[in-house]
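K.L.:
Could you have a look at this structure, given as structure tokens, before my questions?
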Amino acid sequence: MGKIKVIYILGPGKNGSTLLERIIGTIPSFFPIGEVPNMWREGLIRNTLCSCGVPFNSCKFWKEINKDMIKKISGFNPRKVERLRRLIQKVYYAPFLIMPSLATEKYNRNLVRYKKILLELYGAMSSAIGNSVIVDSSKDPVHCLILAQMPEIELYVIDLLRDSRAVAFSWQRKSPKPDVYWKEDFMAIHRVTTTSRRWLQSRLGAGIIRTRCKAFCLLKYEELIANPKKEVLRVMNRFGFEIRGRDLGFLDDRAIRFKRFHTISGNPVRFTKGKINLVEDEQWKTKMSLGKKITVTALTYLLLKRYRYI
């Protein structure tokens, strides 16, 4: 078996990653998976809905993957794996991944164990989808760094960038979580200082990751929405995948026809079926308070200027 090909969407969240994942995942020979690090807690433990509308542990697609993965991992326990993930996938542990000589012996032991589990998971997913390219919208730079260290994975990274003020405003909204079907629940709301920090962290992470993967490409959310077919073709051709305009027949100039997928965790748009119009969300320009707008602009000013947002 050859290397497992993974397209990884990087970013701070609320950056259009679920939408991009669904667009690429609709192209033949590409398959969207969702946010892999959330699978242990949100999928196996909490049993939230798969994007197909069925509880995760009852979804035939995921049942086959989990069956294949679990039989290869001795003493598999999702709660233990989630605890292990939390010991590995923290922003302040990123230096251990960047410079392994800094890592403690305990961290390295845990990292080796977690990589073995991830390899079985990605291998099971690859087999289940007929060795199509996995589209992973996890976004987290630390998880991406872990994958970049695994020689069995051929990693292609899309750095999906969005204006920091739009990201901060989006994290202020009260958004329902339809995957939590047994009660009314909502996505987390974060302070603009927190989202500004995470936005900056994603920029730092992108700078480190760009030289540690098979291929890397910057894509602006605003340009994706303005001309989705052109931007997707640009990115995929940059990665060396032979994609033609006819492969994007499901994508009009400003609309997309969605089909059913099997993704775990992410924006509620993953449950949307049928055709939707692609319209840039610019509400932050008129509805975001002046004080919050000034705060985010001040904290992220240098990079906003660098990427020509101001």
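Chains: A, B, ... in order of the structure tokens. Residues: from 1 per chain. Ligands: from 1, in order shown.
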Might you pull out every residue within 12 Å of Lys293 in chain A, with only C-alpha atoms counted and same-chain residues fewer than 4 positions away left off, and present them as an MDAnalysis selection string?
P.N.:
chainID A and resid 163:169 191:193 196 284:289 297:301
K.L.:
Hey, could you make a per-residue contact list for range 140-209 of chain A against range 41-45 of chain A with 12 Å as the cut-off, showing the nearest pair of atoms and its distance in Å to one decimal, counting only C-alpha atoms, sorted by chain and number, as JSON lines?
P.N.:
```
{"residue": "A:Lys177", "atom": "CA", "partner": "A:Glu42", "partner_atom": "CA", "distance": 11.7}
{"residue": "A:Asp179", "atom": "CA", "partner": "A:Glu42", "partner_atom": "CA", "distance": 9.1}
{"residue": "A:Val180", "atom": "CA", "partner": "A:Glu42", "partner_atom": "CA", "distance": 9.1}
```
K.L.:
Take the residues that were just selected and, keeping C-alpha atoms, output them as a PDB file, in the first residue's frame.
P.N.:
```
ATOM      1  CA  LYS A 177     -25.026  22.503  17.118  1.00  0.00           C
ATOM      2  CA  ASP A 179     -25.084  17.221  15.758  1.00  0.00           C
ATOM      3  CA  VAL A 180     -26.072  17.267  19.452  1.00  0.00           C
TER       4      VAL A 180
END
```
K.L.:
Would you mind listing what lies within 7 Å of Lys174 in chain A as a count of residues only, with only C-alpha atoms counted and same-chain residues fewer than 4 positions away left out?
P.N.:
3
K.L.:
Would you please give, as a list in words, all residues of range 115-199 of chain A that DSSP assigns to strand (DSSP E or B) based on the backbone?
P.N.:
Val133, Ile134, Val135, Asp136, Ser137, Ser138, Lys139, Ile153, Glu154, Leu155, Tyr156, Val157, Ile158, Asp159, Leu160, Leu161, Pro176 and Phe186 of chain A
K.L.:
Write to file, as an mmCIF file, in the first residue's frame, the residues of the selection just made, with N, CA and C atoms.
P.N.:
```cif
data_model
loop_
_atom_site.group_PDB
_atom_site.id
_atom_site.type_symbol
_atom_site.label_atom_id
_atom_site.label_comp_id
_atom_site.auth_asym_id
_atom_site.auth_seq_id
_atom_site.Cartn_x
_atom_site.Cartn_y
_atom_site.Cartn_z
ATOM 1 N N VAL A 133 -8.325 10.442 -1.909
ATOM 2 C CA VAL A 133 -7.599 11.421 -1.103
ATOM 3 C C VAL A 133 -8.489 11.876 0.047
ATOM 4 N N ILE A 134 -7.984 11.772 1.272
ATOM 5 C CA ILE A 134 -8.732 12.206 2.448
ATOM 6 C C ILE A 134 -8.685 13.729 2.548
ATOM 7 N N VAL A 135 -9.839 14.342 2.794
ATOM 8 C CA VAL A 135 -9.893 15.793 3.017
ATOM 9 C C VAL A 135 -10.209 16.006 4.496
ATOM 10 N N ASP A 136 -9.240 16.535 5.214
ATOM 11 C CA ASP A 136 -9.299 16.672 6.665
ATOM 12 C C ASP A 136 -9.410 18.155 7.013
ATOM 13 N N SER A 137 -10.518 18.552 7.644
ATOM 14 C CA SER A 137 -10.737 19.973 7.969
ATOM 15 C C SER A 137 -10.456 20.273 9.438
ATOM 16 N N SER A 138 -9.512 19.555 10.034
ATOM 17 C CA SER A 138 -9.230 19.698 11.464
ATOM 18 C C SER A 138 -8.747 21.102 11.838
ATOM 19 N N LYS A 139 -8.025 21.759 10.955
ATOM 20 C CA LYS A 139 -7.555 23.136 11.108
ATOM 21 C C LYS A 139 -6.415 23.301 12.104
ATOM 22 N N ILE A 153 2.161 9.210 5.639
ATOM 23 C CA ILE A 153 1.147 10.155 5.158
ATOM 24 C C ILE A 153 1.780 11.180 4.225
ATOM 25 N N GLU A 154 1.147 11.359 3.079
ATOM 26 C CA GLU A 154 1.572 12.375 2.113
ATOM 27 C C GLU A 154 0.656 13.582 2.324
ATOM 28 N N LEU A 155 1.201 14.641 2.890
ATOM 29 C CA LEU A 155 0.400 15.745 3.409
ATOM 30 C C LEU A 155 0.410 16.963 2.494
ATOM 31 N N TYR A 156 -0.793 17.390 2.104
ATOM 32 C CA TYR A 156 -0.991 18.604 1.317
ATOM 33 C C TYR A 156 -1.778 19.586 2.185
ATOM 34 N N VAL A 157 -1.247 20.775 2.382
ATOM 35 C CA VAL A 157 -1.860 21.715 3.328
ATOM 36 C C VAL A 157 -2.410 22.939 2.612
ATOM 37 N N ILE A 158 -3.705 23.217 2.860
ATOM 38 C CA ILE A 158 -4.324 24.455 2.391
ATOM 39 C C ILE A 158 -4.403 25.405 3.574
ATOM 40 N N ASP A 159 -3.701 26.504 3.482
ATOM 41 C CA ASP A 159 -3.733 27.532 4.517
ATOM 42 C C ASP A 159 -4.906 28.465 4.197
ATOM 43 N N LEU A 160 -6.065 28.180 4.783
ATOM 44 C CA LEU A 160 -7.283 28.936 4.486
ATOM 45 C C LEU A 160 -7.347 30.167 5.388
ATOM 46 N N LEU A 161 -7.102 31.317 4.791
ATOM 47 C CA LEU A 161 -6.989 32.571 5.530
ATOM 48 C C LEU A 161 -8.255 33.412 5.376
ATOM 49 N N PRO A 176 -26.255 27.230 16.646
ATOM 50 C CA PRO A 176 -26.711 25.919 17.133
ATOM 51 C C PRO A 176 -25.779 24.795 16.695
ATOM 52 N N PHE A 186 -25.202 24.722 21.683
ATOM 53 C CA PHE A 186 -24.662 25.770 20.820
ATOM 54 C C PHE A 186 -23.144 25.692 20.790
#
```
K.L.:
Quick one: pick out all helix (DSSP H, G or I) residues within range 193-284 of chain A from a backbone DSSP run and write them as a ChimeraX atom specification.
P.N.:
/A:193-209,221-226,228-238,245-248,268-271,284
K.L.:
Could you check how far CA of Gln89 in chain A sits from CA of Ile146 in chain A, in Å to one decimal?
P.N.:
8.5 Å
K.L.:
Using only C-alpha atoms, can you tell me which of A:Ser127, A:Asn108, A:Asn38, A:Thr18 comes closest to Arg83 in chain A?
P.N.:
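Once distances to Arg83 in chain A are computed over only C-alpha atoms, the minimum belongs to A:Asn38.
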K.L.:
Residues near range 260-273 of chain A, anyone? I mean within 8 Å using only C-alpha atoms, not counting same-chain ones fewer than 2 positions away, as a PyMOL selection string.
P.N.:
chain A and resi 14+18-19+22+32-36+38-39+42-43+49-53+56+61-62+176-179+257-258+275
